[in-house]
$ cat structure-v1.cif   # mmCIF, C-alpha atoms and all ligand atoms
data_data
#
loop_
_atom_site.label_atom_id
_atom_site.label_comp_id
_atom_site.auth_asym_id
_atom_site.auth_seq_id
_atom_site.Cartn_x
_atom_site.Cartn_y
_atom_site.Cartn_z
CA MET A 21 0.00 0.00 0.00
CA ASP A 22 2.74 2.38 0.98
CA ARG A 23 4.43 1.95 -2.29
CA VAL A 24 1.27 2.71 -4.18
CA LYS A 25 0.88 5.85 -2.12
CA ASN A 26 4.47 6.77 -2.82
CA SER A 27 4.12 6.42 -6.51
CA GLU A 28 0.92 8.43 -6.48
CA GLY A 29 2.80 11.13 -4.62
CA ARG A 30 5.38 11.15 -7.37
CA LYS A 31 2.67 11.36 -9.94
CA VAL A 32 1.41 14.56 -8.36
CA GLU A 33 4.88 15.99 -8.67
CA GLY A 34 4.61 15.13 -12.33
CA ARG A 35 8.02 13.53 -12.47
CA LEU A 36 9.07 10.37 -14.12
CA GLU A 37 10.27 8.11 -11.41
CA ALA A 38 12.61 6.23 -13.67
CA SER A 39 14.34 9.30 -14.97
CA SER A 40 14.07 11.85 -12.21
CA THR A 41 17.14 13.10 -10.38
CA GLY A 42 19.43 10.11 -10.44
CA THR A 43 18.44 7.62 -13.07
CA VAL A 44 21.84 6.09 -12.79
CA GLU A 45 21.93 5.85 -9.00
CA ARG A 46 18.45 4.40 -8.89
CA ALA A 47 19.13 2.02 -11.70
CA GLY A 48 21.28 -0.14 -9.46
CA PRO A 49 24.90 -1.02 -10.00
CA GLU A 50 24.32 -3.38 -12.93
CA ARG A 51 22.30 -0.91 -14.95
CA GLU A 52 24.60 1.89 -13.97
CA SER A 53 27.55 0.12 -15.49
CA LEU A 54 25.57 -0.44 -18.70
CA VAL A 55 24.60 3.20 -19.01
CA ARG A 56 28.20 4.13 -18.27
CA ALA A 57 29.37 1.60 -20.84
CA ALA A 58 27.19 3.24 -23.47
CA GLU A 59 28.49 6.66 -22.44
CA ALA A 60 32.05 5.42 -22.49
CA MET A 61 31.55 4.49 -26.11
CA ASP A 62 30.91 8.15 -26.80
CA ASP A 63 33.33 8.48 -29.65
CA GLY A 64 30.99 10.21 -32.04
CA ARG A 65 29.37 7.02 -33.25
CA PRO A 66 25.61 7.28 -33.64
CA ALA A 67 23.27 5.38 -31.34
CA LEU A 68 22.07 3.35 -34.30
CA LYS A 69 23.62 2.87 -37.71
CA VAL A 70 21.81 0.88 -40.36
CA ASP A 71 23.76 0.24 -43.55
CA GLY A 72 22.38 -1.44 -46.65
CA LEU A 73 20.07 -3.60 -44.54
CA THR A 74 18.18 -6.21 -46.55
CA LYS A 75 15.82 -8.86 -45.21
CA ARG A 76 13.93 -11.33 -47.35
CA PHE A 77 10.98 -13.53 -46.46
CA PRO A 78 9.32 -16.31 -48.41
CA ARG A 79 6.33 -15.10 -50.35
CA PRO A 80 3.24 -16.41 -48.59
CA GLU A 81 1.61 -17.31 -51.89
CA GLY A 82 4.85 -18.74 -53.30
CA LYS A 83 4.70 -22.43 -54.22
CA ARG A 84 7.58 -24.72 -53.47
CA HIS A 85 8.69 -26.53 -56.62
CA GLY A 86 9.99 -29.85 -55.39
CA PHE A 87 10.86 -30.60 -51.80
CA TRP A 88 14.33 -29.07 -51.79
CA ARG A 89 13.45 -25.91 -53.67
CA ARG A 90 13.04 -22.75 -51.66
CA ARG A 91 9.89 -20.78 -51.97
CA PRO A 92 10.37 -17.52 -53.88
CA ARG A 93 11.26 -14.66 -51.56
CA PHE A 94 10.64 -10.93 -51.46
CA ALA A 95 12.58 -8.15 -49.76
CA ALA A 96 10.72 -6.88 -46.69
CA LEU A 97 13.67 -4.50 -46.29
CA ALA A 98 15.76 -3.48 -49.28
CA ALA A 99 19.12 -1.77 -48.72
CA VAL A 100 17.85 0.41 -45.87
CA THR A 101 20.42 2.98 -44.75
CA PHE A 102 20.04 5.60 -42.01
CA ALA A 103 21.43 6.61 -38.64
CA VAL A 104 19.90 7.76 -35.37
CA GLU A 105 21.95 10.20 -33.30
CA ARG A 106 22.36 9.87 -29.54
CA GLY A 107 19.49 11.42 -27.65
CA GLU A 108 17.34 11.61 -30.74
CA ILE A 109 13.71 10.49 -30.98
CA PHE A 110 13.45 8.99 -34.45
CA GLY A 111 10.14 7.87 -35.91
CA LEU A 112 9.49 5.31 -38.62
CA ILE A 113 6.22 5.61 -40.45
CA GLY A 114 4.87 3.71 -43.42
CA MET A 115 1.99 1.64 -44.66
CA ASN A 116 1.06 -1.76 -43.23
CA GLY A 117 3.64 -4.27 -44.34
CA SER A 118 6.26 -1.66 -45.25
CA GLY A 119 8.87 -3.30 -43.01
CA LYS A 120 8.81 -1.21 -39.81
CA SER A 121 8.47 -4.08 -37.34
CA THR A 122 10.96 -6.17 -39.29
CA LEU A 123 13.50 -3.39 -38.89
CA ILE A 124 12.82 -3.06 -35.15
CA ARG A 125 13.10 -6.85 -34.75
CA ILE A 126 16.48 -6.87 -36.47
CA VAL A 127 17.80 -4.05 -34.28
CA SER A 128 16.57 -5.93 -31.22
CA THR A 129 18.44 -9.09 -32.39
CA LEU A 130 15.25 -11.15 -32.81
CA LEU A 131 15.90 -11.55 -36.54
CA VAL A 132 19.17 -11.63 -38.43
CA PRO A 133 19.81 -9.50 -41.51
CA ASP A 134 20.36 -11.14 -44.90
CA GLU A 135 22.61 -8.35 -46.07
CA GLY A 136 24.02 -5.16 -44.65
CA GLN A 137 25.03 -4.12 -41.20
CA VAL A 138 23.31 -2.78 -38.09
CA LYS A 139 25.29 -1.27 -35.24
CA VAL A 140 24.00 -0.13 -31.85
CA PHE A 141 26.52 2.28 -30.29
CA GLY A 142 29.08 0.75 -32.58
CA VAL A 143 28.23 -2.85 -31.58
CA ASP A 144 27.23 -5.17 -34.42
CA VAL A 145 23.85 -6.89 -33.93
CA GLU A 146 24.99 -10.03 -35.70
CA GLY A 147 28.49 -10.17 -34.27
CA GLU A 148 27.67 -9.41 -30.62
CA PRO A 149 23.93 -9.80 -30.05
CA ALA A 150 24.31 -10.30 -26.30
CA ARG A 151 26.07 -6.96 -25.90
CA VAL A 152 23.45 -5.26 -28.06
CA ARG A 153 20.67 -6.70 -25.90
CA GLU A 154 22.23 -5.00 -22.88
CA LEU A 155 21.90 -1.64 -24.59
CA ILE A 156 18.34 -1.89 -25.86
CA ASN A 157 14.83 -2.58 -24.82
CA ARG A 158 11.80 -3.15 -26.95
CA VAL A 159 8.07 -2.83 -26.60
CA ALA A 160 5.70 -4.01 -29.29
CA VAL A 161 1.95 -4.06 -29.74
CA ASP A 162 2.23 -7.81 -30.10
CA ALA A 163 4.34 -7.94 -26.94
CA ALA A 164 4.82 -11.43 -25.59
CA PHE A 165 3.66 -12.13 -22.07
CA PHE A 166 3.28 -15.16 -19.92
CA LYS A 167 -0.48 -14.89 -20.29
CA VAL A 168 -1.47 -17.11 -17.39
CA LEU A 169 0.79 -15.19 -15.04
CA SER A 170 -0.23 -11.90 -13.47
CA GLY A 171 0.94 -8.48 -14.59
CA SER A 172 3.22 -8.12 -11.60
CA GLU A 173 4.73 -11.57 -12.15
CA ASN A 174 5.50 -10.59 -15.73
CA LEU A 175 6.99 -7.26 -14.65
CA ARG A 176 9.06 -8.86 -11.90
CA TYR A 177 10.37 -11.43 -14.36
CA ALA A 178 11.37 -8.63 -16.76
CA ALA A 179 12.97 -6.69 -13.91
CA ARG A 180 15.21 -9.66 -13.14
CA LEU A 181 16.28 -9.82 -16.77
CA TYR A 182 17.12 -6.11 -16.67
CA GLY A 183 19.07 -6.53 -13.46
CA LEU A 184 16.77 -4.23 -11.49
CA ALA A 185 16.44 -4.72 -7.75
CA PRO A 186 12.88 -5.92 -6.95
CA ARG A 187 12.11 -2.93 -4.72
CA VAL A 188 13.37 -0.42 -7.30
CA ALA A 189 11.44 -2.19 -10.04
CA ARG A 190 8.25 -2.22 -7.99
CA GLU A 191 8.48 1.50 -7.26
CA ARG A 192 9.10 2.25 -10.88
CA TYR A 193 6.36 0.18 -12.41
CA ASP A 194 3.80 1.26 -9.82
CA GLY A 195 4.69 4.87 -10.60
CA LEU A 196 4.59 4.41 -14.36
CA LEU A 197 1.34 2.45 -14.34
CA THR A 198 -0.37 5.02 -12.15
CA ARG A 199 0.77 7.76 -14.51
CA ILE A 200 -0.59 6.07 -17.59
CA GLY A 201 -3.87 5.24 -15.92
CA PHE A 202 -3.54 1.60 -14.90
CA ASP A 203 -4.39 0.92 -11.29
CA PRO A 204 -1.44 -1.05 -9.84
CA LYS A 205 -3.99 -2.96 -7.74
CA ARG A 206 -4.96 -4.79 -10.95
CA LEU A 207 -1.43 -6.14 -11.30
CA GLY A 208 -2.59 -9.33 -9.60
CA ASP A 209 -4.88 -10.15 -12.56
CA GLN A 210 -3.74 -12.68 -15.13
CA VAL A 211 -2.51 -10.93 -18.25
CA LYS A 212 -4.94 -12.89 -20.39
CA SER A 213 -7.85 -11.30 -18.52
CA LEU A 214 -6.72 -7.74 -19.35
CA SER A 215 -8.11 -5.71 -22.24
CA ARG A 216 -5.86 -5.02 -25.22
CA GLY A 217 -5.18 -1.46 -24.06
CA GLU A 218 -4.52 -2.57 -20.50
CA ARG A 219 -2.06 -5.16 -21.77
CA GLN A 220 -0.40 -2.50 -23.89
CA LYS A 221 0.03 -0.36 -20.78
CA VAL A 222 1.79 -3.20 -19.00
CA ALA A 223 3.96 -3.74 -22.11
CA ALA A 224 4.87 -0.05 -22.28
CA THR A 225 5.68 -0.05 -18.57
CA ARG A 226 7.87 -3.10 -18.99
CA ALA A 227 9.98 -1.28 -21.57
CA LEU A 228 9.99 2.07 -19.83
CA MET A 229 10.94 0.82 -16.37
CA SER A 230 14.43 -0.04 -17.49
CA ALA A 231 16.73 2.73 -18.60
CA PRO A 232 18.11 1.40 -21.87
CA ALA A 233 20.55 3.43 -23.92
CA LEU A 234 18.40 2.73 -27.00
CA LEU A 235 14.67 2.27 -26.59
CA LEU A 236 12.84 0.51 -29.43
CA LEU A 237 9.12 1.14 -29.49
CA ASP A 238 6.97 -0.62 -32.06
CA GLU A 239 3.63 1.21 -31.98
CA PRO A 240 3.88 1.98 -28.27
CA THR A 241 0.56 3.83 -28.10
CA THR A 242 -1.60 1.80 -30.48
CA GLY A 243 -4.85 0.91 -28.74
CA LEU A 244 -4.42 3.38 -25.90
CA ASP A 245 -7.06 5.96 -25.08
CA PRO A 246 -6.06 9.60 -25.76
CA ARG A 247 -5.17 10.42 -22.17
CA SER A 248 -2.98 7.35 -21.69
CA LYS A 249 -1.42 7.98 -25.08
CA ARG A 250 -0.38 11.50 -24.06
CA GLU A 251 1.07 10.20 -20.82
CA VAL A 252 3.15 7.51 -22.58
CA GLN A 253 4.39 10.17 -25.00
CA ARG A 254 5.35 12.39 -22.08
CA VAL A 255 7.22 9.55 -20.38
CA ILE A 256 9.16 8.89 -23.60
CA ARG A 257 10.11 12.55 -23.93
CA GLU A 258 11.18 12.72 -20.29
CA MET A 259 13.38 9.66 -20.68
CA ARG A 260 15.12 11.40 -23.54
CA ASP A 261 15.35 14.79 -21.83
CA GLU A 262 16.42 13.56 -18.42
CA ALA A 263 18.25 10.29 -19.04
CA GLY A 264 19.50 10.93 -22.58
CA THR A 265 17.78 7.82 -23.92
CA THR A 266 17.78 7.43 -27.69
CA VAL A 267 14.41 6.34 -29.08
CA LEU A 268 13.43 4.57 -32.29
CA LEU A 269 9.68 4.25 -32.59
CA THR A 270 7.09 3.29 -35.16
CA THR A 271 3.61 4.74 -35.28
CA HIS A 272 0.53 5.07 -37.44
CA ASP A 273 -0.42 8.23 -35.59
CA MET A 274 0.88 11.18 -37.62
CA GLU A 275 0.09 13.62 -34.83
CA GLU A 276 2.18 11.53 -32.46
CA ALA A 277 5.12 11.47 -34.89
CA GLU A 278 4.82 15.22 -35.37
CA ARG A 279 4.66 15.92 -31.67
CA LEU A 280 7.28 13.48 -30.48
CA CYS A 281 9.90 12.89 -33.16
CA ASP A 282 12.96 14.99 -33.94
CA ARG A 283 13.20 13.25 -37.29
CA VAL A 284 11.01 10.87 -39.19
CA GLY A 285 11.80 8.33 -41.91
CA ILE A 286 9.13 7.07 -44.28
CA LEU A 287 9.44 3.39 -45.20
CA HIS A 288 7.73 2.27 -48.36
CA GLU A 289 7.91 -1.29 -49.63
CA GLY A 290 11.05 -1.92 -47.62
CA ARG A 291 12.88 1.24 -48.66
CA ILE A 292 13.42 4.52 -46.87
CA VAL A 293 11.93 7.02 -49.30
CA THR A 294 12.61 10.19 -47.31
CA ILE A 295 14.02 11.33 -43.96
CA GLY A 296 13.74 14.68 -42.23
CA THR A 297 12.15 16.67 -39.44
CA PRO A 298 8.35 16.56 -39.49
CA ALA A 299 8.39 20.16 -40.76
CA GLU A 300 10.84 19.31 -43.56
CA LEU A 301 8.74 16.36 -44.66
CA GLY A 302 5.67 18.57 -44.70
CA GLU A 303 7.57 21.03 -46.91
CA ARG A 304 8.57 18.24 -49.25
CA ALA A 305 4.97 17.19 -49.57
CA GLY A 306 4.36 20.59 -51.08
CA GLY A 307 0.65 20.50 -50.29
CA ARG A 308 -1.25 23.49 -49.02
CA SER A 309 -1.47 22.30 -45.43
CA ARG A 310 1.97 20.65 -45.51
CA THR A 311 1.45 18.22 -42.70
CA LEU A 312 3.27 14.99 -42.03
CA GLU A 313 0.16 13.22 -43.26
CA ASP A 314 0.52 14.99 -46.63
CA ALA A 315 4.11 13.73 -46.75
CA PHE A 316 3.00 10.22 -45.86
CA LEU A 317 0.43 10.19 -48.66
CA LYS A 318 2.86 11.64 -51.17
CA PHE A 319 5.80 9.38 -50.41
CA THR A 320 3.79 6.19 -50.15
CA GLY A 321 2.15 6.80 -53.50
CA ALA A 322 -1.32 7.09 -52.04
CA GLU A 323 -1.89 10.50 -53.65
CA TRP A 324 -2.25 8.65 -56.94
CA LEU A 325 -5.23 6.78 -55.50
CA GLY A 326 -6.72 10.11 -54.52
CA GLU A 327 -6.44 11.43 -58.07
CA GLU A 328 -8.06 8.37 -59.48
CA ASN A 329 -10.91 8.63 -57.04
CA GLY A 330 -11.27 12.31 -57.75
CA GLY A 331 -11.27 11.91 -61.56
N1 LIG B 1 8.37 -13.90 -40.09
C1 LIG B 1 7.90 -13.54 -41.28
N2 LIG B 1 7.76 -14.45 -42.28
C2 LIG B 1 7.30 -14.11 -43.50
N3 LIG B 1 6.95 -12.85 -43.84
C3 LIG B 1 7.06 -11.89 -42.89
C4 LIG B 1 7.54 -12.19 -41.57
N4 LIG B 1 7.55 -11.04 -40.85
C5 LIG B 1 7.10 -10.08 -41.67
N5 LIG B 1 6.80 -10.59 -42.90
C6 LIG B 1 6.33 -9.82 -44.05
O1 LIG B 1 7.22 -8.73 -44.24
C7 LIG B 1 6.52 -7.55 -44.60
C8 LIG B 1 6.80 -6.45 -43.60
O2 LIG B 1 6.20 -6.77 -42.38
P1 LIG B 1 6.32 -5.84 -41.10
O3 LIG B 1 5.67 -6.55 -39.97
O4 LIG B 1 7.72 -5.42 -40.93
O5 LIG B 1 5.44 -4.58 -41.55
P2 LIG B 1 5.03 -3.28 -40.71
O6 LIG B 1 5.54 -2.10 -41.47
O7 LIG B 1 5.44 -3.41 -39.31
O8 LIG B 1 3.45 -3.32 -40.84
P3 LIG B 1 2.31 -2.83 -39.81
O9 LIG B 1 2.21 -1.36 -39.97
O10 LIG B 1 1.09 -3.53 -40.28
O11 LIG B 1 2.74 -3.25 -38.43
C9 LIG B 1 5.05 -7.96 -44.67
O12 LIG B 1 4.73 -8.25 -46.01
C10 LIG B 1 4.98 -9.21 -43.83
O13 LIG B 1 3.96 -10.06 -44.27
MG MG B 2 4.44 -3.54 -37.49
#

$ encode --input "structure-v1.cif" --output "structure tokens"
Amino acid sequence: MDRVKNSEGRKVEGRLEASSTGTVERAGPERESLVRAAEAMDDGRPALKVDGLTKRFPRPEGKRHGFWRRRPRFAALAAVTFAVERGEIFGLIGMNGSGKSTLIRIVSTLLVPDEGQVKVFGVDVEGEPARVRELINRVAVDAAFFKVLSGSENLRYAARLYGLAPRVARERYDGLLTRIGFDPKRLGDQVKSLSRGERQKVAATRALMSAPALLLLDEPTTGLDPRSKREVQRVIREMRDEAGTTVLLTTHDMEEAERLCDRVGILHEGRIVTIGTPAELGERAGGRSRTLEDAFLKFTGAEWLGEENGG
């Protein structure tokens, strides 16, 4: 009970527990050394460098010709090249199936590239995946949970993986959950009994309670109500402002990308078609309103559909 009260108190102060005053001190010695390790690598290398990244998957409709023949494949990512600077919030937008989650999965070492190179603070994801995993954390809409376990059991399990002391972890996730509108009292419920949005809140909390050097967020606010969405966005910005966390996120919410991201890259059919600040992309769209949505429509070829419908 006390802890709940404590975290509510913090909420009133409007501070992010995980990144207020001493992120590093509170993170515990293990995490501290990781954050330090990332800082020690501060030799001008970007937080994330993606070079000529290509990933192919079998075509779902492709027929195997003979048992040994491979099914025909297509490039979900085709020679993708970009970099994310330290402390930057970088957004990836693009149509369904454009390759955003595939890219995030490769950076988080869940998938291996077919061609090209990906480096996190100079560490190669293929060469040293274990070291990369110490520097990152990932939240996805399709986040995996132990569904028959409770929310708190899942969070405690994650905390152990992150090397967080149980008490520190508890304080953090109680604080975060209260902020984003999930009553910590419900943490005893089995994850499978939670609504999609409630589950997403637990998933977001799981990623945000650690202080990774690079935070990977695959649609972190999809399915959240507007108030919770704003709060998650605020937490992300605070982590960047106060702890210097670098963030790579994907979203289908153009307003979110505009509000949150320093730069945005548009992925289309596995290729980055343009990169810039939201304002720059709006300019490039050349439309009258010049919003990020205009840029999205222009660079994903959807404006052509509009013309056809109009004519
Ligand atoms: N494990 C897999 N096996 C086969 N094909 C896959 C696999 N993962 C992704 N794909 C395919 O790769 C393409 C890119 O998928 P991806 O999930 O990266 O898209 P996305 O941009 O995240 O889409 P969304 O916005 O819907 O989340 C899609 O055509 C998808 O069907
Ligand atoms: Mg996706």

$ atom_distance --input "structure-v1.cif" --atom1 "atom CA of A:Leu301" --atom2 "atom CA of A:Val284"
8.1 Å

$ closest_residue --input "structure-v1.cif" --among "A:Lys120, A:Arg199, A:Arg89, A:Lys75" --to "ligand LIG 1 (chain B)" --atoms "only C-alpha atoms and all ligand atoms"
A:Lys120

$ closest_atom_pairs --input "structure-v1.cif" --of "chain A" --to "ligand LIG 1 (chain B)" --cutoff "6 Å" --atoms "all atoms listed in the file" --output "tab-separated table"
residue	atom	partner	partner_atom	distance
A:Phe77	CA	B:LIG1	C2	4.8
A:Pro78	CA	B:LIG1	C2	5.7
A:Ala96	CA	B:LIG1	O1	4.7
A:Met115	CA	B:LIG1	O9	5.6
A:Asn116	CA	B:LIG1	O10	3.4
A:Gly117	CA	B:LIG1	O5	3.3
A:Ser118	CA	B:LIG1	O6	3.9
A:Gly119	CA	B:LIG1	O4	3.2
A:Lys120	CA	B:LIG1	O6	3.8
A:Ser121	CA	B:LIG1	O7	3.7
A:Thr122	CA	B:LIG1	O4	3.7

$ residues_near_ligand --input "structure-v1.cif" --ligand "ligand MG 2 (chain B)" --cutoff "12 Å" --atoms "all atoms listed in the file" --output "number ranges by chain"
A: 96, 112-125, 159-163, 237-240, 242, 269-272, 287

$ write_last_selection --input "structure-v1.cif" --atoms "C-alpha atoms" --output "PDB file, keeping the file's coordinate frame"
ATOM      1  CA  ALA A  96      10.720  -6.880 -46.690  1.00  0.00           C
ATOM      2  CA  LEU A 112       9.490   5.310 -38.620  1.00  0.00           C
ATOM      3  CA  ILE A 113       6.220   5.610 -40.450  1.00  0.00           C
ATOM      4  CA  GLY A 114       4.870   3.710 -43.420  1.00  0.00           C
ATOM      5  CA  MET A 115       1.990   1.640 -44.660  1.00  0.00           C
ATOM      6  CA  ASN A 116       1.060  -1.760 -43.230  1.00  0.00           C
ATOM      7  CA  GLY A 117       3.640  -4.270 -44.340  1.00  0.00           C
ATOM      8  CA  SER A 118       6.260  -1.660 -45.250  1.00  0.00           C
ATOM      9  CA  GLY A 119       8.870  -3.300 -43.010  1.00  0.00           C
ATOM     10  CA  LYS A 120       8.810  -1.210 -39.810  1.00  0.00           C
ATOM     11  CA  SER A 121       8.470  -4.080 -37.340  1.00  0.00           C
ATOM     12  CA  THR A 122      10.960  -6.170 -39.290  1.00  0.00           C
ATOM     13  CA  LEU A 123      13.500  -3.390 -38.890  1.00  0.00           C
ATOM     14  CA  ILE A 124      12.820  -3.060 -35.150  1.00  0.00           C
ATOM     15  CA  ARG A 125      13.100  -6.850 -34.750  1.00  0.00           C
ATOM     16  CA  VAL A 159       8.070  -2.830 -26.600  1.00  0.00           C
ATOM     17  CA  ALA A 160       5.700  -4.010 -29.290  1.00  0.00           C
ATOM     18  CA  VAL A 161       1.950  -4.060 -29.740  1.00  0.00           C
ATOM     19  CA  ASP A 162       2.230  -7.810 -30.100  1.00  0.00           C
ATOM     20  CA  ALA A 163       4.340  -7.940 -26.940  1.00  0.00           C
ATOM     21  CA  LEU A 237       9.120   1.140 -29.490  1.00  0.00           C
ATOM     22  CA  ASP A 238       6.970  -0.620 -32.060  1.00  0.00           C
ATOM     23  CA  GLU A 239       3.630   1.210 -31.980  1.00  0.00           C
ATOM     24  CA  PRO A 240       3.880   1.980 -28.270  1.00  0.00           C
ATOM     25  CA  THR A 242      -1.600   1.800 -30.480  1.00  0.00           C
ATOM     26  CA  LEU A 269       9.680   4.250 -32.590  1.00  0.00           C
ATOM     27  CA  THR A 270       7.090   3.290 -35.160  1.00  0.00           C
ATOM     28  CA  THR A 271       3.610   4.740 -35.280  1.00  0.00           C
ATOM     29  CA  HIS A 272       0.530   5.070 -37.440  1.00  0.00           C
ATOM     30  CA  LEU A 287       9.440   3.390 -45.200  1.00  0.00           C
TER      31      LEU A 287
END

$ atom_distance --input "structure-v1.cif" --atom1 "atom CA of A:Ile200" --atom2 "atom CA of A:Ser248"
4.9 Å

$ closest_residue --input "structure-v1.cif" --among "A:Ala224, A:Val138, A:Leu130, A:Ala233" --to "A:Asp71" --atoms "only C-alpha atoms"
A:Val138
